[in-house]
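Colleague: Structure supplied as final37.txt; contents: compact mmCIF, C-alpha atoms.
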# COMPACT_ATOMS: atom_id res chain seq x y z
CA MET A 86 -39.89 -71.71 126.82
CA GLU A 87 -36.70 -73.51 125.91
CA TYR A 88 -34.67 -72.81 122.76
CA ARG A 89 -32.60 -75.08 120.54
CA HIS A 90 -30.26 -74.78 117.57
CA LEU A 91 -31.83 -75.76 114.25
CA GLY A 92 -29.67 -78.74 113.41
CA ARG A 93 -25.99 -77.81 113.63
CA SER A 94 -26.66 -74.31 112.30
CA GLY A 95 -26.21 -71.17 114.37
CA LEU A 96 -29.94 -70.40 114.18
CA VAL A 97 -31.69 -70.69 117.54
CA ILE A 98 -35.44 -71.35 117.54
CA SER A 99 -38.10 -71.99 120.16
CA GLU A 100 -38.46 -75.72 120.78
CA ILE A 101 -42.19 -75.26 120.36
CA ALA A 102 -43.08 -73.50 117.10
CA TYR A 103 -46.46 -72.10 116.14
CA GLY A 104 -47.94 -73.28 112.83
CA ASN A 105 -51.14 -72.32 111.00
CA TRP A 106 -51.69 -75.28 108.68
CA ILE A 107 -55.40 -75.96 109.22
CA THR A 108 -56.68 -72.94 111.08
CA HIS A 109 -55.71 -69.47 109.86
CA GLY A 110 -57.54 -68.09 106.86
CA SER A 111 -60.06 -70.91 106.89
CA GLN A 112 -61.33 -72.46 110.12
CA VAL A 113 -60.98 -69.58 112.59
CA GLU A 114 -61.77 -65.88 112.35
CA GLU A 115 -58.87 -63.48 111.90
CA ASP A 116 -59.20 -61.88 115.33
CA THR A 117 -58.95 -65.34 116.92
CA ALA A 118 -55.91 -66.14 114.78
CA HIS A 119 -54.26 -62.92 115.97
CA ALA A 120 -55.10 -63.82 119.57
CA CYS A 121 -53.47 -67.23 119.12
CA ILE A 122 -50.29 -65.67 117.73
CA LYS A 123 -50.24 -63.15 120.60
CA ALA A 124 -50.58 -66.05 123.05
CA ALA A 125 -47.67 -67.77 121.32
CA LEU A 126 -45.51 -64.66 121.61
CA ASP A 127 -46.50 -64.19 125.24
CA ALA A 128 -45.47 -67.80 125.93
CA GLY A 129 -42.01 -67.22 124.48
CA ILE A 130 -42.56 -68.81 121.07
CA THR A 131 -40.38 -67.05 118.52
CA THR A 132 -40.70 -69.51 115.63
CA PHE A 133 -43.68 -69.32 113.26
CA ASP A 134 -44.27 -71.81 110.46
CA THR A 135 -46.64 -71.49 107.51
CA ALA A 136 -46.80 -72.33 103.77
CA ASP A 137 -48.01 -70.66 100.60
CA VAL A 138 -50.63 -73.38 100.06
CA TYR A 139 -52.27 -73.13 103.49
CA ALA A 140 -55.81 -71.79 103.05
CA SER A 141 -54.90 -71.02 99.42
CA THR A 142 -52.29 -68.39 100.44
CA LYS A 143 -54.58 -66.74 103.03
CA ALA A 144 -52.71 -68.27 105.98
CA GLU A 145 -49.54 -66.38 105.03
CA GLU A 146 -51.54 -63.16 104.82
CA VAL A 147 -53.03 -63.67 108.28
CA MET A 148 -49.61 -64.43 109.77
CA GLY A 149 -48.11 -61.40 108.06
CA ARG A 150 -50.73 -59.08 109.53
CA ALA A 151 -50.44 -60.66 112.99
CA LEU A 152 -46.64 -60.30 113.11
CA LYS A 153 -46.41 -56.97 111.30
CA ASN A 154 -45.54 -54.88 114.35
CA ILE A 155 -43.22 -57.40 115.99
CA ARG A 156 -39.49 -56.59 115.89
CA ARG A 157 -38.38 -58.71 112.94
CA PRO A 158 -34.99 -59.89 114.28
CA SER A 159 -36.72 -61.24 117.40
CA ILE A 160 -38.75 -63.89 115.53
CA GLU A 161 -38.13 -66.63 112.99
CA ILE A 162 -40.59 -66.97 110.10
CA PHE A 163 -40.65 -70.18 108.06
CA THR A 164 -42.65 -70.89 104.90
CA LYS A 165 -42.74 -73.48 102.12
CA VAL A 166 -43.17 -74.02 98.38
CA TYR A 167 -44.40 -76.94 96.22
CA TRP A 168 -48.18 -77.44 96.35
CA PRO A 169 -50.47 -75.63 93.85
CA THR A 170 -51.14 -71.95 94.49
CA GLY A 171 -52.91 -71.21 91.21
CA PRO A 172 -54.54 -72.83 88.15
CA GLY A 173 -51.54 -72.77 85.83
CA HIS A 174 -49.34 -75.78 85.12
CA ASN A 175 -46.34 -73.87 86.52
CA ASP A 176 -48.17 -72.82 89.71
CA ARG A 177 -46.80 -75.89 91.50
CA GLY A 178 -43.70 -78.00 91.97
CA LEU A 179 -40.07 -77.00 92.46
CA SER A 180 -39.12 -75.60 89.06
CA ARG A 181 -37.01 -72.46 89.04
CA LYS A 182 -40.00 -70.52 87.67
CA HIS A 183 -42.36 -71.57 90.45
CA ILE A 184 -39.81 -71.16 93.25
CA MET A 185 -38.81 -67.66 92.14
CA GLU A 186 -42.41 -66.53 91.77
CA SER A 187 -43.46 -68.20 95.02
CA ILE A 188 -40.82 -66.62 97.25
CA ASN A 189 -41.85 -63.16 96.05
CA GLY A 190 -45.52 -63.93 96.68
CA SER A 191 -44.78 -65.29 100.14
CA LEU A 192 -42.69 -62.28 101.13
CA THR A 193 -45.47 -59.93 100.00
CA ARG A 194 -48.13 -61.83 101.95
CA LEU A 195 -45.94 -62.14 105.04
CA GLN A 196 -45.01 -58.43 104.85
CA THR A 197 -41.31 -59.14 105.30
CA ASP A 198 -38.14 -58.74 103.26
CA TYR A 199 -36.93 -62.26 104.02
CA VAL A 200 -37.88 -65.56 105.62
CA ASP A 201 -35.55 -67.28 108.03
CA LEU A 202 -36.23 -70.71 106.50
CA TYR A 203 -37.59 -71.57 103.04
CA GLN A 204 -38.67 -75.19 102.70
CA ALA A 205 -39.41 -77.54 99.82
CA HIS A 206 -42.84 -78.81 100.85
CA ARG A 207 -42.39 -82.16 99.04
CA TYR A 208 -39.89 -83.66 96.61
CA ASP A 209 -40.57 -82.82 92.94
CA TYR A 210 -39.84 -85.82 90.72
CA GLU A 211 -40.57 -83.74 87.60
CA THR A 212 -37.77 -81.23 88.21
CA PRO A 213 -34.03 -81.99 88.31
CA LEU A 214 -32.78 -81.59 91.87
CA GLU A 215 -29.96 -79.39 90.55
CA GLU A 216 -32.49 -76.90 89.16
CA THR A 217 -34.35 -76.75 92.47
CA MET A 218 -31.23 -76.30 94.58
CA GLU A 219 -29.77 -73.65 92.26
CA ALA A 220 -33.00 -71.65 92.56
CA PHE A 221 -32.86 -71.96 96.35
CA ALA A 222 -29.23 -70.83 96.28
CA ASP A 223 -30.11 -67.73 94.28
CA ILE A 224 -32.85 -66.91 96.82
CA VAL A 225 -30.43 -67.26 99.74
CA HIS A 226 -27.71 -65.26 98.01
CA ALA A 227 -30.27 -62.53 97.22
CA GLY A 228 -31.09 -62.27 100.93
CA LYS A 229 -34.68 -63.46 100.56
CA ALA A 230 -34.11 -66.50 102.81
CA HIS A 231 -31.39 -67.30 105.33
CA TYR A 232 -31.61 -71.08 105.37
CA ILE A 233 -33.15 -73.89 103.31
CA GLY A 234 -35.14 -76.90 104.49
CA VAL A 235 -37.25 -79.76 103.18
CA SER A 236 -40.50 -81.41 104.24
CA GLU A 237 -41.37 -85.11 103.95
CA TRP A 238 -38.24 -85.98 101.96
CA ARG A 239 -36.66 -89.43 102.18
CA ALA A 240 -33.18 -89.96 103.58
CA GLU A 241 -31.51 -90.43 100.18
CA GLU A 242 -33.21 -87.29 98.84
CA ILE A 243 -32.05 -85.27 101.84
CA ARG A 244 -28.49 -86.54 101.38
CA ALA A 245 -28.40 -85.58 97.69
CA ALA A 246 -29.83 -82.11 98.37
CA HIS A 247 -27.40 -81.53 101.23
CA ALA A 248 -24.43 -82.33 98.97
CA LEU A 249 -25.65 -79.86 96.33
CA ALA A 250 -26.32 -77.21 98.98
CA ARG A 251 -22.72 -77.41 100.15
CA GLU A 252 -21.48 -77.03 96.55
CA LEU A 253 -23.74 -73.99 96.14
CA LYS A 254 -22.58 -72.50 99.47
CA ILE A 255 -25.96 -72.50 101.17
CA GLN A 256 -27.14 -74.26 104.31
CA LEU A 257 -29.76 -76.99 104.19
CA VAL A 258 -30.49 -77.21 107.90
CA SER A 259 -33.91 -78.77 108.44
CA SER A 260 -36.42 -81.49 107.68
CA GLN A 261 -40.11 -81.06 108.48
CA PRO A 262 -41.72 -84.51 108.82
CA GLN A 263 -44.79 -85.83 110.55
CA TYR A 264 -43.69 -87.35 113.86
CA SER A 265 -45.53 -88.50 116.95
CA MET A 266 -45.74 -91.39 119.40
CA LEU A 267 -47.92 -93.15 116.82
CA TRP A 268 -46.08 -92.12 113.62
CA ARG A 269 -42.35 -92.88 113.80
CA VAL A 270 -41.46 -93.48 110.17
CA ILE A 271 -38.46 -91.09 110.31
CA GLU A 272 -36.63 -92.94 113.06
CA SER A 273 -34.86 -95.65 111.06
CA GLU A 274 -33.51 -93.66 108.10
CA VAL A 275 -34.29 -89.91 108.09
CA VAL A 276 -33.10 -89.25 111.65
CA PRO A 277 -29.74 -91.06 111.38
CA THR A 278 -29.02 -89.36 108.05
CA SER A 279 -30.00 -85.99 109.48
CA GLU A 280 -27.83 -86.47 112.56
CA GLU A 281 -24.87 -87.25 110.33
CA LEU A 282 -25.44 -84.19 108.14
CA GLY A 283 -26.30 -81.71 110.92
CA ILE A 284 -29.96 -81.38 109.94
CA GLY A 285 -32.65 -80.84 112.59
CA GLN A 286 -36.27 -82.00 112.54
CA ILE A 287 -39.12 -79.49 112.84
CA VAL A 288 -41.93 -81.96 113.41
CA TRP A 289 -45.59 -81.49 112.58
CA SER A 290 -48.62 -83.18 114.09
CA PRO A 291 -46.95 -84.24 117.37
CA ILE A 292 -50.41 -84.96 118.80
CA ALA A 293 -51.38 -87.08 115.76
CA GLN A 294 -54.09 -84.78 114.41
CA GLY A 295 -55.58 -84.53 117.89
CA VAL A 296 -55.78 -88.28 118.61
CA LEU A 297 -53.16 -88.04 121.37
CA THR A 298 -55.25 -85.49 123.28
CA GLY A 299 -57.51 -88.38 124.29
CA LYS A 300 -60.64 -86.63 123.06
CA TYR A 301 -61.53 -89.50 120.72
CA LEU A 302 -62.94 -92.35 122.79
CA PRO A 303 -63.19 -96.04 121.85
CA GLY A 304 -66.69 -97.11 120.89
CA GLN A 305 -67.90 -93.53 120.49
CA GLN A 306 -68.39 -91.21 117.55
CA ALA A 307 -65.89 -88.40 117.06
CA PRO A 308 -66.95 -85.16 118.78
CA ALA A 309 -68.98 -82.83 116.58
CA GLY A 310 -66.81 -80.25 114.86
CA SER A 311 -63.58 -82.19 115.44
CA ARG A 312 -61.18 -83.22 112.68
CA GLY A 313 -62.24 -86.81 113.30
CA ALA A 314 -65.84 -85.94 112.49
CA ASN A 315 -64.76 -84.43 109.17
CA ASP A 316 -61.62 -86.53 108.48
CA ASP A 317 -59.50 -83.37 108.38
CA GLY A 318 -55.76 -84.01 108.28
CA GLY A 319 -55.97 -87.76 107.73
CA VAL A 320 -57.05 -88.49 111.28
CA SER A 321 -59.32 -91.39 110.27
CA ARG A 322 -56.41 -93.87 110.17
CA TYR A 323 -56.21 -93.64 113.97
CA LEU A 324 -59.92 -93.87 114.73
CA ASN A 325 -60.19 -97.53 115.65
CA ASP A 326 -60.81 -98.98 119.07
CA ASP A 327 -57.38 -100.56 119.43
CA VAL A 328 -55.54 -97.25 118.94
CA LEU A 329 -58.01 -95.22 120.99
CA THR A 330 -57.99 -97.69 123.90
CA ARG A 331 -54.21 -97.63 124.02
CA VAL A 332 -54.18 -93.82 123.99
CA GLN A 333 -56.48 -93.80 127.03
CA ARG A 334 -53.98 -96.09 128.79
CA LEU A 335 -51.38 -93.30 128.53
CA LYS A 336 -53.32 -91.12 131.00
CA PRO A 337 -51.61 -92.43 134.17
CA ILE A 338 -48.19 -91.76 132.61
CA ALA A 339 -49.23 -88.19 131.79
CA GLU A 340 -50.67 -87.67 135.27
CA GLU A 341 -47.50 -89.00 136.91
CA ALA A 342 -45.52 -86.42 134.91
CA GLY A 343 -47.99 -83.66 135.79
CA LEU A 344 -49.06 -83.30 132.17
CA SER A 345 -52.18 -83.56 130.04
CA LEU A 346 -52.15 -86.17 127.28
CA ALA A 347 -51.51 -83.45 124.69
CA GLN A 348 -48.61 -82.05 126.69
CA LEU A 349 -47.19 -85.56 127.07
CA ALA A 350 -47.36 -86.04 123.30
CA VAL A 351 -45.53 -82.78 122.58
CA ALA A 352 -42.96 -83.46 125.30
CA TRP A 353 -42.38 -86.95 123.89
CA VAL A 354 -41.25 -85.75 120.45
CA LEU A 355 -38.95 -83.22 122.13
CA GLN A 356 -37.08 -86.05 123.88
CA ASN A 357 -35.56 -86.98 120.51
CA PRO A 358 -32.26 -85.03 120.35
CA ASN A 359 -32.58 -84.66 116.57
CA VAL A 360 -35.85 -82.73 116.99
CA SER A 361 -35.22 -79.00 117.00
CA ALA A 362 -38.87 -78.00 117.39
CA ALA A 363 -42.39 -79.36 117.58
CA ILE A 364 -45.05 -77.41 115.70
CA ILE A 365 -48.33 -76.78 117.49
CA GLY A 366 -51.47 -75.23 116.05
CA ALA A 367 -54.47 -73.74 117.79
CA SER A 368 -58.02 -72.57 117.19
CA ARG A 369 -58.13 -70.87 120.61
CA PRO A 370 -55.38 -68.99 122.48
CA GLU A 371 -55.96 -71.20 125.53
CA GLN A 372 -54.69 -74.18 123.53
CA VAL A 373 -51.38 -72.41 122.96
CA ALA A 374 -50.98 -71.70 126.67
CA GLU A 375 -51.65 -75.33 127.50
CA ASN A 376 -49.40 -76.92 124.87
CA VAL A 377 -46.36 -74.76 125.66
CA LYS A 378 -46.26 -76.36 129.10
CA ALA A 379 -44.52 -79.26 127.35
CA ALA A 380 -41.43 -77.08 126.86
CA GLY A 381 -38.47 -78.12 128.96
CA VAL A 382 -40.12 -81.32 130.22
CA LYS A 383 -37.80 -84.30 130.71
CA LEU A 384 -39.50 -87.70 130.62
CA ASP A 385 -37.70 -90.42 132.54
CA ALA A 386 -36.69 -93.77 131.07
CA ASP A 387 -39.52 -95.61 132.81
CA ALA A 388 -42.13 -93.30 131.28
CA LEU A 389 -40.65 -93.67 127.79
CA LYS A 390 -40.54 -97.47 128.17
CA ALA A 391 -44.14 -97.60 129.37
CA ILE A 392 -45.31 -95.48 126.40
CA ASP A 393 -43.56 -97.83 123.98
CA GLU A 394 -45.02 -100.93 125.62
CA ILE A 395 -48.57 -99.57 125.45
CA LEU A 396 -48.42 -98.29 121.87
CA ASP A 397 -46.01 -100.72 120.19
CA PRO A 398 -48.60 -102.82 118.24
CA VAL A 399 -50.17 -99.71 116.66
CA ILE A 400 -47.04 -97.62 115.96
CA GLU A 401 -46.32 -96.96 112.25
CA ARG A 402 -42.57 -97.32 111.63
CA ASP A 403 -42.30 -98.08 107.88
CA PRO A 404 -39.87 -95.54 106.31
CA ALA A 405 -41.60 -96.08 102.95
CA LYS A 406 -44.54 -94.11 104.37
CA THR A 407 -42.51 -90.94 103.76
CA VAL A 408 -43.82 -90.10 100.29
CA SER A 409 -44.07 -87.28 97.80
CA PRO A 410 -46.44 -87.31 94.80
CA ALA A 411 -45.07 -89.19 91.79
CA LYS A 412 -46.40 -86.34 89.65
CA ARG A 413 -47.08 -82.73 90.58
CA PRO A 414 -50.60 -82.37 92.00
CA GLY A 415 -53.18 -80.99 89.61
Could you quickly redo this structure as structure tokens?
Modeller:
Amino acid sequence: MEYRHLGRSGLVISEIAYGNWITHGSQVEEDTAHACIKAALDAGITTFDTADVYASTKAEEVMGRALKNIRRPSIEIFTKVYWPTGPGHNDRGLSRKHIMESINGSLTRLQTDYVDLYQAHRYDYETPLEETMEAFADIVHAGKAHYIGVSEWRAEEIRAAHALARELKIQLVSSQPQYSMLWRVIESEVVPTSEELGIGQIVWSPIAQGVLTGKYLPGQQAPAGSRGANDDGGVSRYLNDDVLTRVQRLKPIAEEAGLSLAQLAVAWVLQNPNVSAAIIGASRPEQVAENVKAAGVKLDADALKAIDEILDPVIERDPAKTVSPAKRPG
């Protein structure tokens, strides 16, 4: 495993982080979830990412139980707030009320006194940014979180939040966007802004909801039980023959580098110097062991050029694709 600073902060994290967005508390049994987290720890992963909304708060509980006996200073635990966690009209968004109640709920479920990073899971257009940032500042100053981050925020939103964070004497150090060979919407605006401000990317879905593993084949139905068969995680946008044929053409590049397609995809996002970590998930511990082999890989210029030439017509680059709900979700 290799380790990187989170943005320009002093916090060092594993360049591959373990996340439990789709799996823990819902798709896999708890003993399997614990085995996956043990595999992550054994592989040198120290950074664990979750959110209060995952599996309707159950994912945090599973992670808390799995990490309960691990020496707390040796790992970094990240969680998030925004999406609904209850039926009430204040059980969502980034109001002071919801943030304050959510951090306490997350800490209880995670069985810890603090999180290393507390992230705004989307931008809340119904709450003044000042209110949100002041609540985050109070959480940091109370010792319940060390650092603050955002997820799927636009460049101008990140810049405004960063300015307020400095006034409030807290550190906004991270952005958590979707990023992969196929989904590059952060490159033109979010990344340059983040580089300027000292913010690092913790990217999710580096294998494009499984498409970049090569398991979806052109002209064939998605494998039974896969996300593609159930449209989990928005994978359907990639399931057309043009995309899938181009993904298959990446195989010789992966083989030349001694990697699987999935490892190539994870290694590719880590070539971006503004990426502090790539989040991987797993439904089996063997998947963790395989994906961490992307750590420390350096892809040469010829490989990067070949990837771009193969995928260019199907790459999504529009920065306007970074969106938060216009109104809080019901």
Colleague: Let me make sure I understand: among A:Ala411, A:Ile395, A:Val332, A:Ala227, which one has the smallest atom-to-atom distance to Ile188 of chain A if we use all atoms listed in the file?
Modeller: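 For Ile188 of chain A, the nearest of the candidates is A:Ala227.
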Colleague: Which residues of segment 141-224 of chain A sit at most 12 Å from segment 284-291 of chain A, using only C-alpha atoms? Give each one's shortest atom pair and distance in Å (one decimal place), in chain and ascending residue order, as a Markdown table.
Modeller:
| residue | atom | partner | partner_atom | distance |
| --- | --- | --- | --- | --- |
| A:Phe163 | CA | A:Ile287 | CA | 10.6 |
| A:Leu202 | CA | A:Ile287 | CA | 11.2 |
| A:Gln204 | CA | A:Ile287 | CA | 11.0 |
Colleague: What is the distance, in Å and to one decimal place, between atom CA of Ala222 of chain A and atom CA of Met185 of chain A?
Modeller: 10.9 Å
Colleague: Select, from A:Lys229, A:Lys412, A:Arg331, A:Arg251, the residue with the minimum atom-to-atom distance to Ile400 of chain A, counting only C-alpha atoms.
Modeller: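 So, comparing all the options, the nearest one is A:Arg331.
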Colleague: Within 10 Å of (-43.8, -69.0, 93.4) in the file's own coordinates, which protein, DNA or RNA residues have an atom, counting only C-alpha atoms? List them as a PyMOL selection string.
Modeller: chain A and resi 137+165-171+175-191
Colleague: Is it possible to produce a file of segment 200-260 of chain A from this structure, with C-alpha atoms, as a PDB file, in the first residue's frame?
Modeller:
ATOM      1  CA  VAL A 200     -14.481  10.953  12.707  1.00  0.00           C
ATOM      2  CA  ASP A 201     -11.373  12.000  10.870  1.00  0.00           C
ATOM      3  CA  LEU A 202     -13.373  13.567   8.022  1.00  0.00           C
ATOM      4  CA  TYR A 203     -17.005  14.749   8.012  1.00  0.00           C
ATOM      5  CA  GLN A 204     -18.358  15.423   4.536  1.00  0.00           C
ATOM      6  CA  ALA A 205     -21.326  17.295   3.090  1.00  0.00           C
ATOM      7  CA  HIS A 206     -22.795  14.597   0.854  1.00  0.00           C
ATOM      8  CA  ARG A 207     -24.308  17.136  -1.587  1.00  0.00           C
ATOM      9  CA  TYR A 208     -24.815  20.897  -1.682  1.00  0.00           C
ATOM     10  CA  ASP A 209     -27.986  22.097   0.083  1.00  0.00           C
ATOM     11  CA  TYR A 210     -29.601  24.949  -1.839  1.00  0.00           C
ATOM     12  CA  GLU A 211     -32.239  25.357   0.897  1.00  0.00           C
ATOM     13  CA  THR A 212     -29.737  26.232   3.634  1.00  0.00           C
ATOM     14  CA  PRO A 213     -27.428  29.274   3.701  1.00  0.00           C
ATOM     15  CA  LEU A 214     -23.843  28.114   3.234  1.00  0.00           C
ATOM     16  CA  GLU A 215     -22.861  30.180   6.296  1.00  0.00           C
ATOM     17  CA  GLU A 216     -25.221  28.137   8.484  1.00  0.00           C
ATOM     18  CA  THR A 217     -23.794  24.864   7.192  1.00  0.00           C
ATOM     19  CA  MET A 218     -20.170  25.898   7.634  1.00  0.00           C
ATOM     20  CA  GLU A 219     -20.753  27.318  11.117  1.00  0.00           C
ATOM     21  CA  ALA A 220     -22.294  23.997  12.177  1.00  0.00           C
ATOM     22  CA  PHE A 221     -19.303  22.133  10.748  1.00  0.00           C
ATOM     23  CA  ALA A 222     -16.977  24.501  12.595  1.00  0.00           C
ATOM     24  CA  ASP A 223     -18.713  23.821  15.894  1.00  0.00           C
ATOM     25  CA  ILE A 224     -18.352  20.064  15.280  1.00  0.00           C
ATOM     26  CA  VAL A 225     -14.629  20.410  14.566  1.00  0.00           C
ATOM     27  CA  HIS A 226     -14.050  22.691  17.547  1.00  0.00           C
ATOM     28  CA  ALA A 227     -15.927  20.214  19.764  1.00  0.00           C
ATOM     29  CA  GLY A 228     -13.531  17.461  18.672  1.00  0.00           C
ATOM     30  CA  LYS A 229     -16.180  15.383  16.913  1.00  0.00           C
ATOM     31  CA  ALA A 230     -14.434  15.680  13.524  1.00  0.00           C
ATOM     32  CA  HIS A 231     -10.888  16.624  12.589  1.00  0.00           C
ATOM     33  CA  TYR A 232     -11.434  17.800   9.027  1.00  0.00           C
ATOM     34  CA  ILE A 233     -14.305  18.782   6.731  1.00  0.00           C
ATOM     35  CA  GLY A 234     -14.976  17.715   3.152  1.00  0.00           C
ATOM     36  CA  VAL A 235     -17.636  17.876   0.460  1.00  0.00           C
ATOM     37  CA  SER A 236     -19.016  15.438  -2.102  1.00  0.00           C
ATOM     38  CA  GLU A 237     -20.215  16.273  -5.627  1.00  0.00           C
ATOM     39  CA  TRP A 238     -19.913  20.037  -5.135  1.00  0.00           C
ATOM     40  CA  ARG A 239     -19.163  22.351  -8.061  1.00  0.00           C
ATOM     41  CA  ALA A 240     -15.985  24.395  -8.236  1.00  0.00           C
ATOM     42  CA  GLU A 241     -17.633  27.687  -7.252  1.00  0.00           C
ATOM     43  CA  GLU A 242     -19.367  26.018  -4.293  1.00  0.00           C
ATOM     44  CA  ILE A 243     -16.085  24.522  -3.110  1.00  0.00           C
ATOM     45  CA  ARG A 244     -14.378  27.907  -3.373  1.00  0.00           C
ATOM     46  CA  ALA A 245     -17.075  29.658  -1.325  1.00  0.00           C
ATOM     47  CA  ALA A 246     -17.032  26.954   1.374  1.00  0.00           C
ATOM     48  CA  HIS A 247     -13.240  27.012   1.548  1.00  0.00           C
ATOM     49  CA  ALA A 248     -13.239  30.780   2.147  1.00  0.00           C
ATOM     50  CA  LEU A 249     -15.761  30.417   4.989  1.00  0.00           C
ATOM     51  CA  ALA A 250     -13.818  27.507   6.475  1.00  0.00           C
ATOM     52  CA  ARG A 251     -10.699  29.651   6.708  1.00  0.00           C
ATOM     53  CA  GLU A 252     -12.670  32.427   8.442  1.00  0.00           C
ATOM     54  CA  LEU A 253     -14.043  29.849  10.897  1.00  0.00           C
ATOM     55  CA  LYS A 254     -10.568  28.366  11.496  1.00  0.00           C
ATOM     56  CA  ILE A 255     -11.345  24.877  10.236  1.00  0.00           C
ATOM     57  CA  GLN A 256      -9.846  22.900   7.374  1.00  0.00           C
ATOM     58  CA  LEU A 257     -11.883  21.968   4.323  1.00  0.00           C
ATOM     59  CA  VAL A 258      -9.483  19.461   2.809  1.00  0.00           C
ATOM     60  CA  SER A 259     -11.367  17.149   0.463  1.00  0.00           C
ATOM     61  CA  SER A 260     -13.821  16.654  -2.367  1.00  0.00           C
TER      62      SER A 260
END
